[in-house]
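File shown here: work_12.cif, holding mmCIF, C-alpha atoms.
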data_my_file
#
loop_
_atom_site.label_atom_id
_atom_site.label_comp_id
_atom_site.auth_asym_id
_atom_site.auth_seq_id
_atom_site.Cartn_x
_atom_site.Cartn_y
_atom_site.Cartn_z
CA MET A 1 28.61 84.59 -147.02
CA PRO A 2 29.94 87.56 -145.04
CA TRP A 3 31.65 87.04 -141.72
CA SER A 4 29.47 87.40 -138.63
CA ARG A 5 30.64 89.75 -135.90
CA ASN A 6 32.02 86.82 -133.95
CA GLU A 7 33.90 85.68 -137.05
CA LEU A 8 35.33 89.21 -137.39
CA ALA A 9 36.66 88.88 -133.86
CA GLN A 10 37.97 85.40 -134.66
CA ARG A 11 39.78 86.70 -137.75
CA ALA A 12 41.27 89.58 -135.75
CA ALA A 13 42.59 87.17 -133.12
CA ARG A 14 44.86 85.70 -135.81
CA GLU A 15 46.82 88.98 -135.76
CA LEU A 16 47.94 88.33 -132.19
CA GLN A 17 51.29 86.74 -131.40
CA ASP A 18 52.86 85.19 -128.34
CA GLY A 19 54.06 87.90 -125.95
CA PHE A 20 51.92 90.70 -127.37
CA TYR A 21 50.46 93.48 -125.25
CA VAL A 22 47.04 94.25 -126.71
CA ASN A 23 44.35 96.89 -126.22
CA LEU A 24 40.80 95.95 -127.23
CA GLY A 25 38.26 98.68 -127.96
CA ILE A 26 34.59 98.74 -126.98
CA GLY A 27 32.09 96.70 -129.03
CA ILE A 28 33.07 93.92 -131.45
CA PRO A 29 36.80 94.15 -130.50
CA THR A 30 35.92 93.01 -126.95
CA ARG A 31 34.91 89.65 -128.45
CA VAL A 32 38.45 89.02 -129.73
CA VAL A 33 39.35 87.78 -126.25
CA ASN A 34 37.18 84.69 -126.86
CA TYR A 35 39.34 83.58 -129.79
CA ILE A 36 42.90 84.04 -128.56
CA PRO A 37 44.61 80.69 -129.23
CA LYS A 38 45.35 78.79 -126.01
CA HIS A 39 49.02 78.24 -126.92
CA ILE A 40 49.92 81.93 -127.06
CA ASP A 41 50.39 84.29 -124.13
CA VAL A 42 48.75 87.68 -124.72
CA THR A 43 48.46 90.42 -122.09
CA LEU A 44 45.40 92.67 -122.33
CA GLU A 45 45.74 96.34 -121.45
CA SER A 46 42.77 98.40 -120.40
CA GLU A 47 43.41 102.12 -120.80
CA ASN A 48 41.72 103.05 -117.53
CA GLY A 49 44.85 101.68 -115.86
CA MET A 50 45.42 97.94 -115.92
CA LEU A 51 47.54 95.27 -117.55
CA GLY A 52 46.53 91.62 -117.35
CA VAL A 53 42.75 91.83 -117.72
CA GLY A 54 41.11 88.53 -116.80
CA PRO A 55 37.70 87.11 -117.78
CA PHE A 56 34.36 88.43 -116.54
CA PRO A 57 33.83 87.69 -112.83
CA TYR A 58 31.59 85.00 -111.43
CA PRO A 59 28.50 86.68 -109.91
CA ASP A 60 30.00 86.60 -106.41
CA GLN A 61 33.30 88.15 -107.55
CA VAL A 62 31.90 91.43 -108.96
CA ASP A 63 34.02 94.37 -107.73
CA ALA A 64 33.05 98.01 -108.39
CA ASP A 65 36.73 98.97 -108.28
CA LEU A 66 37.62 96.58 -111.09
CA ILE A 67 36.29 97.56 -114.50
CA ASP A 68 37.64 97.73 -118.04
CA ALA A 69 37.62 100.74 -120.38
CA GLY A 70 34.11 99.76 -121.50
CA LYS A 71 33.10 100.15 -117.83
CA GLN A 72 32.25 96.46 -117.57
CA THR A 73 33.18 94.41 -114.52
CA ILE A 74 36.23 92.20 -115.05
CA THR A 75 38.77 90.19 -113.04
CA GLU A 76 42.54 90.38 -112.77
CA SER A 77 44.86 87.72 -114.17
CA PRO A 78 47.71 86.50 -111.93
CA LYS A 79 50.19 88.81 -113.72
CA ALA A 80 47.97 91.90 -113.47
CA SER A 81 49.21 95.36 -112.52
CA TYR A 82 47.39 98.64 -111.90
CA PHE A 83 48.56 102.16 -112.72
CA SER A 84 47.24 105.67 -113.27
CA SER A 85 45.80 107.12 -116.46
CA VAL A 86 49.05 109.03 -116.98
CA ASP A 87 51.09 105.81 -116.92
CA SER A 88 48.51 104.03 -119.05
CA PHE A 89 48.78 106.57 -121.84
CA ALA A 90 52.55 106.75 -121.55
CA MET A 91 52.46 103.05 -122.47
CA ILE A 92 50.03 103.69 -125.30
CA ARG A 93 51.55 106.85 -126.76
CA GLY A 94 55.09 105.65 -126.15
CA GLY A 95 54.70 102.67 -128.49
CA HIS A 96 54.80 99.94 -125.83
CA ILE A 97 51.50 98.33 -126.85
CA ASP A 98 51.81 95.94 -129.80
CA VAL A 99 48.26 95.95 -131.18
CA ALA A 100 45.11 98.01 -130.73
CA ILE A 101 41.84 96.64 -132.13
CA LEU A 102 39.10 99.25 -132.57
CA GLY A 103 35.67 99.69 -134.11
CA ALA A 104 34.84 102.33 -136.73
CA MET A 105 32.04 104.43 -138.15
CA LEU A 106 33.97 105.21 -141.36
CA VAL A 107 37.38 104.28 -142.78
CA SER A 108 38.98 106.03 -145.75
CA GLN A 109 41.13 104.55 -148.50
CA SER A 110 44.21 106.26 -147.05
CA GLY A 111 43.68 104.65 -143.64
CA ASP A 112 41.87 107.50 -141.90
CA LEU A 113 39.60 106.44 -139.03
CA ALA A 114 36.39 108.16 -137.86
CA ASN A 115 34.68 106.72 -134.78
CA TRP A 116 33.92 109.37 -132.17
CA VAL A 117 31.27 111.88 -133.23
CA ILE A 118 28.48 112.59 -135.72
CA PRO A 119 28.21 116.40 -135.58
CA GLY A 120 24.77 117.61 -134.48
CA LYS A 121 23.47 114.08 -133.96
CA MET A 122 25.56 111.90 -131.74
CA VAL A 123 28.41 112.80 -129.46
CA ARG A 124 30.38 110.24 -127.52
CA GLY A 125 33.90 111.61 -127.40
CA MET A 126 37.13 110.02 -128.51
CA GLY A 127 38.04 108.57 -125.11
CA GLY A 128 41.45 106.99 -125.58
CA ALA A 129 41.06 106.20 -129.27
CA MET A 130 43.09 109.16 -130.60
CA ASP A 131 46.00 108.26 -128.31
CA LEU A 132 45.77 104.58 -129.26
CA VAL A 133 45.88 105.17 -133.01
CA ALA A 134 48.71 107.69 -132.60
CA GLY A 135 50.93 105.49 -130.45
CA VAL A 136 50.24 101.77 -130.76
CA LYS A 137 52.51 99.81 -133.13
CA LYS A 138 49.73 98.15 -135.13
CA VAL A 139 46.17 99.45 -135.47
CA VAL A 140 43.51 96.93 -136.53
CA VAL A 141 39.96 98.09 -137.26
CA LEU A 142 36.88 95.83 -137.26
CA MET A 143 33.59 96.95 -138.78
CA ASP A 144 30.55 95.96 -140.81
CA HIS A 145 31.39 96.46 -144.48
CA ASN A 146 28.26 98.56 -145.01
CA ALA A 147 25.95 100.57 -142.77
CA LYS A 148 22.48 99.28 -141.94
CA ASP A 149 21.04 101.28 -144.87
CA GLY A 150 23.60 99.68 -147.20
CA SER A 151 25.77 102.77 -147.59
CA PRO A 152 29.51 102.12 -147.76
CA LYS A 153 31.61 102.54 -144.62
CA PHE A 154 34.94 102.06 -146.45
CA VAL A 155 35.01 105.32 -148.38
CA GLN A 156 37.24 107.64 -150.43
CA THR A 157 37.18 110.41 -147.81
CA CYS A 158 35.63 110.33 -144.34
CA ASN A 159 32.93 112.99 -144.04
CA LEU A 160 32.99 112.71 -140.25
CA PRO A 161 35.59 114.23 -137.88
CA LEU A 162 38.65 111.96 -137.80
CA THR A 163 40.03 109.98 -134.90
CA GLY A 164 43.34 109.70 -136.75
CA ALA A 165 44.69 110.35 -140.25
CA GLY A 166 46.42 107.51 -142.10
CA VAL A 167 46.68 105.48 -138.90
CA ILE A 168 45.11 102.12 -139.82
CA ASN A 169 47.35 99.14 -140.60
CA LEU A 170 44.70 96.48 -141.12
CA LEU A 171 40.96 96.73 -141.81
CA ILE A 172 38.81 93.65 -141.28
CA THR A 173 35.23 94.02 -142.50
CA THR A 174 32.41 91.51 -142.79
CA LEU A 175 33.42 91.03 -146.45
CA GLY A 176 37.21 90.95 -146.41
CA VAL A 177 40.59 92.12 -145.14
CA PHE A 178 42.52 95.17 -146.35
CA GLU A 179 46.11 96.03 -145.53
CA PHE A 180 47.39 99.63 -145.67
CA ARG A 181 50.90 100.41 -146.91
CA GLN A 182 52.02 103.98 -147.50
CA GLN A 183 48.36 105.01 -147.10
CA GLN A 184 47.29 102.72 -149.97
CA ALA A 185 44.70 100.00 -149.32
CA GLU A 186 45.28 96.48 -150.61
CA LEU A 187 42.65 93.75 -150.49
CA ILE A 188 44.40 90.65 -149.17
CA GLU A 189 41.55 88.34 -148.20
CA LEU A 190 37.87 87.76 -148.96
CA ALA A 191 35.35 86.32 -146.50
CA PRO A 192 34.34 82.80 -147.57
CA GLY A 193 32.05 82.86 -150.60
CA VAL A 194 32.42 86.61 -151.15
CA SER A 195 33.46 87.50 -154.71
CA LEU A 196 35.82 90.25 -155.78
CA GLN A 197 32.87 91.68 -157.74
CA GLU A 198 30.66 91.82 -154.64
CA ILE A 199 33.22 93.55 -152.43
CA THR A 200 34.07 96.02 -155.21
CA ASP A 201 30.39 96.85 -155.71
CA LYS A 202 29.88 97.46 -152.01
CA THR A 203 32.99 99.62 -151.51
CA GLU A 204 33.42 103.30 -152.30
CA ALA A 205 37.15 103.38 -151.50
CA ASP A 206 39.78 102.73 -154.15
CA PHE A 207 41.95 99.72 -153.39
CA VAL A 208 44.37 97.42 -155.15
CA VAL A 209 43.99 93.65 -155.13
CA SER A 210 46.84 91.58 -153.75
CA THR A 211 48.47 89.13 -156.15
CA HIS A 212 48.19 86.66 -153.26
CA LEU A 213 44.49 87.31 -152.57
CA ILE A 214 43.03 84.69 -150.26
CA SER A 215 39.64 83.64 -151.53
CA VAL A 216 37.79 80.51 -150.47
CA PRO A 217 34.41 79.23 -151.67
CA TYR A 218 31.68 79.10 -149.06
CA MET B 1 48.79 120.82 -90.48
CA TYR B 2 45.66 118.98 -89.50
CA LYS B 3 44.04 117.76 -92.72
CA PHE B 4 41.15 115.65 -91.52
CA ARG B 5 37.67 117.19 -91.83
CA ASP B 6 34.48 115.90 -90.25
CA ASP B 7 32.40 115.68 -93.40
CA GLU B 8 32.18 116.62 -97.07
CA HIS B 9 30.29 119.87 -96.44
CA VAL B 10 32.81 121.18 -93.93
CA ALA B 11 35.66 120.12 -96.21
CA LEU B 12 34.40 122.17 -99.16
CA LYS B 13 32.40 125.04 -97.64
CA ASP B 14 35.04 127.80 -97.71
CA LEU B 15 36.54 126.66 -101.03
CA LEU B 16 33.59 127.06 -103.37
CA PHE B 17 32.72 130.04 -105.56
CA ASP B 18 30.65 130.45 -108.71
CA GLY B 19 32.65 130.22 -111.92
CA MET B 20 35.41 128.12 -110.40
CA THR B 21 37.29 125.28 -112.08
CA ILE B 22 37.07 121.84 -110.48
CA MET B 23 38.97 118.68 -111.37
CA ALA B 24 37.43 115.35 -110.43
CA GLY B 25 39.15 111.97 -110.75
CA GLY B 26 37.32 108.85 -111.83
CA PHE B 27 36.66 106.74 -114.91
CA GLY B 28 32.97 106.27 -115.56
CA LEU B 29 31.60 105.68 -112.07
CA CYS B 30 34.78 103.97 -110.85
CA GLY B 31 36.85 105.97 -108.39
CA ILE B 32 34.47 108.93 -108.17
CA GLN B 33 33.94 111.14 -105.10
CA GLU B 34 30.35 110.26 -104.21
CA ASN B 35 30.20 112.34 -101.04
CA LEU B 36 32.17 115.38 -102.23
CA ILE B 37 30.12 115.60 -105.44
CA ASN B 38 26.98 115.45 -103.36
CA ALA B 39 28.32 118.37 -101.30
CA LEU B 40 28.85 120.36 -104.52
CA PHE B 41 25.25 119.62 -105.43
CA VAL B 42 23.94 120.69 -102.01
CA SER B 43 26.03 123.89 -102.07
CA GLY B 44 24.44 125.01 -105.33
CA VAL B 45 27.75 126.39 -106.60
CA CYS B 46 27.32 127.10 -110.30
CA ASP B 47 28.92 128.19 -113.59
CA LEU B 48 31.49 125.48 -112.99
CA THR B 49 34.17 124.41 -115.39
CA VAL B 50 34.68 120.73 -114.65
CA ILE B 51 37.72 118.78 -115.77
CA ALA B 52 37.02 115.06 -115.64
CA ASN B 53 37.33 112.13 -118.00
CA ASN B 54 33.55 111.60 -118.02
CA CYS B 55 30.54 113.30 -116.51
CA GLY B 56 29.00 110.36 -114.67
CA VAL B 57 25.67 109.01 -115.85
CA ASP B 58 22.28 110.71 -115.69
CA ASP B 59 21.67 110.59 -111.96
CA VAL B 60 24.98 109.44 -110.57
CA GLY B 61 28.33 111.12 -110.02
CA LEU B 62 28.90 114.45 -111.78
CA GLY B 63 25.64 113.78 -113.66
CA ILE B 64 23.70 115.18 -110.68
CA LEU B 65 25.38 118.57 -111.20
CA LEU B 66 24.31 118.58 -114.85
CA ARG B 67 20.69 118.02 -113.95
CA ARG B 68 20.79 121.12 -111.77
CA ARG B 69 22.69 123.02 -114.50
CA GLN B 70 25.61 123.80 -112.22
CA ILE B 71 28.15 123.03 -114.96
CA LYS B 72 28.91 125.61 -117.63
CA LYS B 73 31.78 123.82 -119.32
CA MET B 74 33.25 120.32 -119.34
CA ILE B 75 36.80 119.42 -120.32
CA CYS B 76 36.63 115.67 -120.89
CA SER B 77 37.32 112.80 -123.29
CA TYR B 78 34.13 110.73 -123.27
CA VAL B 79 30.47 111.48 -122.63
CA GLY B 80 28.71 108.38 -123.92
CA GLU B 81 26.01 106.75 -121.78
CA ASN B 82 24.83 110.16 -120.48
CA LYS B 83 21.61 111.41 -122.09
CA ILE B 84 21.32 114.70 -120.17
CA PHE B 85 24.86 115.59 -121.11
CA GLU B 86 24.32 114.82 -124.79
CA GLN B 87 21.06 116.80 -124.84
CA GLN B 88 22.47 119.87 -123.05
CA TYR B 89 25.44 119.84 -125.40
CA LEU B 90 23.44 119.38 -128.60
CA ASN B 91 21.07 122.17 -127.41
CA GLY B 92 24.04 124.47 -126.92
CA GLU B 93 23.47 124.83 -123.16
CA LEU B 94 26.72 123.19 -122.18
CA GLU B 95 30.17 123.90 -123.55
CA ILE B 96 32.51 120.95 -124.08
CA GLU B 97 36.22 120.95 -124.73
CA PHE B 98 37.10 117.45 -125.87
CA SER B 99 40.59 116.37 -124.98
CA PRO B 100 41.85 112.90 -125.94
CA GLN B 101 42.09 110.77 -122.80
CA GLY B 102 45.87 110.49 -122.77
CA THR B 103 46.26 114.17 -123.61
CA LEU B 104 43.83 115.05 -120.81
CA ALA B 105 45.85 113.02 -118.31
CA GLU B 106 49.12 114.52 -119.49
CA ARG B 107 47.71 118.07 -119.38
CA CYS B 108 46.85 117.51 -115.71
CA ARG B 109 50.27 116.03 -115.09
CA ALA B 110 51.88 119.08 -116.69
CA GLY B 111 49.68 121.39 -114.61
CA GLY B 112 50.79 119.71 -111.41
CA ALA B 113 54.43 119.43 -112.43
CA GLY B 114 55.23 122.97 -113.49
CA ILE B 115 55.24 122.23 -117.22
CA ALA B 116 53.40 124.91 -119.23
CA ALA B 117 52.76 122.84 -122.36
CA PHE B 118 54.06 119.80 -124.25
CA TYR B 119 54.12 118.34 -127.75
CA THR B 120 52.18 115.16 -128.50
CA LYS B 121 51.38 113.23 -131.67
CA THR B 122 47.87 112.43 -130.40
CA GLY B 123 45.24 114.22 -132.48
CA VAL B 124 47.44 115.28 -135.40
CA GLY B 125 45.26 115.51 -138.51
CA THR B 126 42.03 115.81 -136.49
CA VAL B 127 39.90 118.71 -135.22
CA ILE B 128 41.81 118.47 -131.94
CA ALA B 129 44.83 119.90 -133.76
CA ASP B 130 42.95 122.91 -135.16
CA GLY B 131 44.56 126.17 -134.09
CA LYS B 132 47.37 124.46 -132.22
CA GLU B 133 51.06 124.86 -132.97
CA HIS B 134 52.48 122.01 -135.08
CA LYS B 135 56.12 121.04 -134.91
CA VAL B 136 58.15 118.27 -136.54
CA PHE B 137 60.56 116.24 -134.40
CA ASP B 138 62.60 113.46 -136.06
CA GLY B 139 60.31 113.55 -139.09
CA GLU B 140 57.10 113.15 -137.11
CA THR B 141 54.49 115.88 -136.55
CA TYR B 142 53.41 116.83 -133.04
CA ILE B 143 50.95 119.40 -131.68
CA LEU B 144 51.35 121.68 -128.68
CA GLU B 145 48.94 120.99 -125.80
CA SER B 146 48.70 123.23 -122.75
CA ALA B 147 48.67 122.32 -119.05
CA LEU B 148 45.49 122.17 -116.96
CA LYS B 149 45.13 123.40 -113.38
CA ALA B 150 42.11 123.75 -111.14
CA ASP B 151 40.97 125.88 -108.24
CA LEU B 152 39.95 122.65 -106.56
CA SER B 153 40.78 119.00 -107.20
CA LEU B 154 38.61 116.20 -105.87
CA VAL B 155 40.09 112.73 -105.60
CA LYS B 156 38.87 109.38 -104.31
CA ALA B 157 41.19 106.86 -102.71
CA TRP B 158 40.80 103.63 -100.79
CA LYS B 159 42.82 104.58 -97.73
CA ALA B 160 44.51 107.68 -96.37
CA ASP B 161 46.58 108.31 -93.30
CA LEU B 162 46.25 111.58 -91.42
CA GLU B 163 49.20 113.02 -93.35
CA GLY B 164 47.17 112.59 -96.56
CA ASN B 165 49.25 109.77 -98.01
CA LEU B 166 46.87 107.90 -100.31
CA VAL B 167 46.48 104.33 -101.53
CA TYR B 168 44.05 103.57 -104.34
CA ARG B 169 42.41 100.25 -105.09
CA LYS B 170 42.53 98.48 -108.49
CA THR B 171 41.16 100.46 -111.47
CA ALA B 172 39.60 103.07 -109.14
CA ARG B 173 43.03 104.75 -109.33
CA ASN B 174 42.72 106.09 -112.93
CA PHE B 175 42.80 109.93 -113.03
CA ASN B 176 42.86 110.43 -109.26
CA PRO B 177 46.65 110.52 -108.64
CA VAL B 178 47.35 112.99 -111.44
CA MET B 179 44.44 115.28 -110.60
CA ALA B 180 45.59 115.31 -106.98
CA THR B 181 48.70 117.17 -108.17
CA ALA B 182 46.98 119.85 -110.26
CA GLY B 183 44.57 121.50 -107.84
CA ASN B 184 45.24 124.75 -106.02
CA VAL B 185 43.53 122.92 -103.16
CA THR B 186 43.05 119.13 -103.25
CA VAL B 187 40.46 117.32 -101.16
CA ALA B 188 40.58 113.54 -100.86
CA GLU B 189 37.58 111.35 -100.08
CA VAL B 190 38.58 107.91 -98.84
CA GLU B 191 36.90 104.78 -97.58
CA GLU B 192 39.10 104.48 -94.52
CA VAL B 193 41.34 106.92 -92.66
CA VAL B 194 44.16 105.30 -90.69
CA SER B 195 46.78 106.61 -88.28
CA ILE B 196 50.14 107.88 -89.45
CA GLY B 197 52.49 104.93 -89.73
CA GLU B 198 49.86 102.39 -90.68
CA LEU B 199 50.41 102.63 -94.43
CA GLU B 200 53.54 101.08 -95.90
CA PRO B 201 55.67 104.06 -97.11
CA ASP B 202 56.83 102.04 -100.13
CA GLY B 203 53.24 101.44 -101.17
CA ILE B 204 51.96 105.03 -101.12
CA HIS B 205 50.48 106.04 -104.49
CA THR B 206 49.96 109.75 -103.77
CA PRO B 207 52.28 111.40 -101.22
CA GLY B 208 50.53 113.61 -98.68
CA ILE B 209 52.16 116.80 -99.98
CA TYR B 210 49.46 116.96 -102.67
CA ILE B 211 46.55 116.55 -100.26
CA ASP B 212 45.15 119.49 -98.27
CA ARG B 213 42.03 117.98 -96.76
CA ILE B 214 40.74 114.47 -96.13
CA ILE B 215 37.28 113.11 -95.42
CA GLU B 216 36.10 109.60 -94.73
CA GLY B 217 33.14 109.02 -97.05
CA ARG B 218 29.92 108.46 -95.17
CA SER B 219 28.37 106.46 -97.96
CA ASN B 220 30.28 104.26 -100.36
CA HIS B 221 27.64 102.96 -102.74
CA LYS B 222 30.17 102.43 -105.53
CA PRO B 223 27.63 102.01 -108.33
CA ILE B 224 28.60 99.93 -111.37
CA GLU B 225 27.63 100.98 -114.89
CA PHE B 226 27.68 97.57 -116.55
CA ILE B 227 27.71 94.43 -114.44
CA THR B 228 29.10 91.69 -116.64
CA THR B 229 29.57 88.18 -115.28
CA ARG B 230 30.22 84.65 -116.46
CA ASN B 231 28.33 81.59 -115.34
CA PHE B 232 29.62 79.37 -112.58
CA PRO B 233 31.27 76.26 -114.01
CA ASP B 234 29.15 73.13 -113.99
CA PRO B 235 29.80 71.09 -110.85
#
Taking this structure as input, can you express it in the form of structure tokens?
Amino acid sequence: MPWSRNELAQRAARELQDGFYVNLGIGIPTRVVNYIPKHIDVTLESENGMLGVGPFPYPDQVDADLIDAGKQTITESPKASYFSSVDSFAMIRGGHIDVAILGAMLVSQSGDLANWVIPGKMVRGMGGAMDLVAGVKKVVVLMDHNAKDGSPKFVQTCNLPLTGAGVINLLITTLGVFEFRQQQAELIELAPGVSLQEITDKTEADFVVSTHLISVPY
Amino acid sequence: MYKFRDDEHVALKDLLFDGMTIMAGGFGLCGIQENLINALFVSGVCDLTVIANNCGVDDVGLGILLRRRQIKKMICSYVGENKIFEQQYLNGELEIEFSPQGTLAERCRAGGAGIAAFYTKTGVGTVIADGKEHKVFDGETYILESALKADLSLVKAWKADLEGNLVYRKTARNFNPVMATAGNVTVAEVEEVVSIGELEPDGIHTPGIYIDRIIEGRSNHKPIEFITTRNFPDP
């Protein structure tokens, strides 16, 4: 039984530690905030210029001057601070953010990430993603293991323009978890009830299997 | 120098010419210059190169200039949630130079700070690095990115005094302070103009030296792209 999108977010939250400064990308990564354990203190950075992002506002608290990088209304936590885009990306590029969690269109076996454009079809722009993957200490990617038509998203080589080359540290898909070391992917965990055969069949990328593979029956 | 102007049209009238380069602060619709952008629209100035993180949405912010085809080229990092933009680009009617968001901010900073270019690791190994000088520092590869300047910079702040000292509010700050530094002329639109001495000097975000003209925005609709809320707790 593959992980749901909420379970992906829940699994990603386990990568967070007390004291971490964390940037969450648009989409599934936003949901990670719902699963941060109560006993750890994590500060969320939003690249439009804020540290200490709080929960969504109550309807009477909505403030047009207070949005996150996904352009959604938010609130400020008591320890919040605001700064310019220049300062925000100095933090990001300068290695001061501990973890960035992003979504992906394609991931390659060497840890390349593609998530900003499909030439001729869809253009969104990279936003802050190229800076995040270049500067943040640990890059975690969350995605469906396969596209809607079943085609693999974890591939040998990305055939889309890259967001970063060899930048991913951890890939969490709906079927399992892969760790990258020296641009080599290692399967370290299977979603409950997912077999090694199933994940191998549904993956185009080459990967090694950890000797400590975590695999639990559904 | 007296910097205050009566309205957005007066503030921009003698500064506009076809083919000019304009920087505009803002992130999505947050911290955008509603009144100054409207004055650009009314003026009909065209063939613009616009440097901004985004291009508004279809009928709001810089998006209104797209609809009238006043923009020839955008230098930006993100264009999602804007159908007209995507269509004009995919049809080849609009030129885009994508710059990663942090690189875009730093290019403006460099432009305002007398730095011609700088090396960054952002974009190495991607199309952004194509044709750019690569250099290795301490074993890591960087690419050379050049500074950005504009004929005119538009910024939005919360408050200004008559000297042009600016204070921004919350995440409406974003690109505004850095773009204020990189315009040949910089015009600030604010929600409230106060007398000199009313703003705390220690709390000024943009010193008045960067600001040439100030207007108090007549309308401050401050549209929101995505209103997200949580439910009130049960009593």
Between B:Val50, B:Met20, B:Val79, B:Leu62, which one has atoms that come closest to chain A, using only C-alpha atoms?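 Smallest separation from chain A among the options: B:Val79.
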Excluding region 171-187 of chain B and residues on its chain fewer than 3 positions from it, collect all residues at most 6 Å away from it, counting all atoms listed in the file, and give them as a compact mmCIF listing (two decimals) with C-alpha atoms, in the frame of the given file.
# COMPACT_ATOMS: atom_id res chain seq x y z
CA ASN A 48 41.72 103.05 -117.53
CA GLY A 49 44.85 101.68 -115.86
CA ASP A 65 36.73 98.97 -108.28
CA LEU A 66 37.62 96.58 -111.09
CA SER A 84 47.24 105.67 -113.27
CA SER A 85 45.80 107.12 -116.46
CA GLY B 25 39.15 111.97 -110.75
CA GLY B 26 37.32 108.85 -111.83
CA CYS B 30 34.78 103.97 -110.85
CA GLY B 31 36.85 105.97 -108.39
CA CYS B 108 46.85 117.51 -115.71
CA ARG B 109 50.27 116.03 -115.09
CA GLY B 111 49.68 121.39 -114.61
CA GLY B 112 50.79 119.71 -111.41
CA LYS B 149 45.13 123.40 -113.38
CA ALA B 150 42.11 123.75 -111.14
CA ASP B 151 40.97 125.88 -108.24
CA LEU B 152 39.95 122.65 -106.56
CA SER B 153 40.78 119.00 -107.20
CA LEU B 154 38.61 116.20 -105.87
CA VAL B 155 40.09 112.73 -105.60
CA TYR B 168 44.05 103.57 -104.34
CA THR B 206 49.96 109.75 -103.77
CA TYR B 210 49.46 116.96 -102.67
CA ILE B 211 46.55 116.55 -100.26
CA ASP B 212 45.15 119.49 -98.27
CA ARG B 213 42.03 117.98 -96.76
CA ILE B 214 40.74 114.47 -96.13
Starting from the displayed file, determine the output of the PyMOL selection byres ((chain B) within 9 of (chain A)) and express the residue list as a PyMOL selection string. chain B and resi 27-31+53-54+76-82+86+89-90+98-106+108-109+120-127+169-178+222-232
If you count all atoms listed in the file, which residues fall within 10 Å of Asp41 (chain A), apart from same-chain ones fewer than 6 positions away, as a PyMOL selection string? chain A and resi 16-21
Reference answer for the PyMOL selection byres ((chain A and resi 172-179) around 7), as JSON, numbers by chain: {"A": [2, 3, 4, 8, 141, 142, 143, 144, 145, 169, 170, 171, 180, 181, 185, 186, 187, 188, 189, 190, 191, 194, 199]}
Measuring between only C-alpha atoms, which one of B:Ile22, B:Val194, B:Ile96, B:Ala39 shows the shortest distance to Asn165 (chain B)?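 Distance minimum relative to Asn165 (chain B) lands on B:Val194.
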Using the chain letters and residue numbers of this document, give as a VMD selection string the residues selected by the PyMOL selection byres ((chain B and resi 133) around 9). chain B and resid 119 129 to 132 134 to 135 142 to 145
Taking only C-alpha atoms into account, name the residue in A:Val99, A:Val107, A:Met1, A:Ala12 that is nearest to Pro37 (chain A). A:Ala12
My list of candidates is B:Ala157, B:Leu94, B:Ala147, B:Val136. Which is closest to Ile115 (chain B) when distances are computed with all atoms listed in the file?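 Checking each of B:Ala157, B:Leu94, B:Ala147, B:Val136 against Ile115 (chain B), counting all atoms listed in the file, the winner is B:Ala147.
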List the neighbours of Glu200 (chain B) out to 12 Å using all atoms listed in the file; skip same-chain residues closer than 2 positions along the sequence, and give me the result as a list in words.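 Here the qualifying residues turn out to be Lys159, Ala160, Asp161, Asn165, Leu166, Val167, Val194, Ser195, Ile196, Gly197, Glu198, Asp202, Gly203, Ile204, His205 and Pro207 of chain B.
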Six-sided padding of 4 Å per side, axis-aligned box over region 145-151 of chain B, centre and edges in Å, one decimal, as JSON:
{"center_x": 45.0, "center_y": 123.4, "center_z": -117.0, "size_x": 16.0, "size_y": 12.9, "size_z": 25.6}
For CA of Arg5 (chain A) and CA of Val208 (chain A), the interatomic separation in Å (one decimal): 24.9 Å
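The two atoms in question, CA of Ile101 (chain A) and CA of Asp138 (chain B), are spaced 27.0 Å apart.
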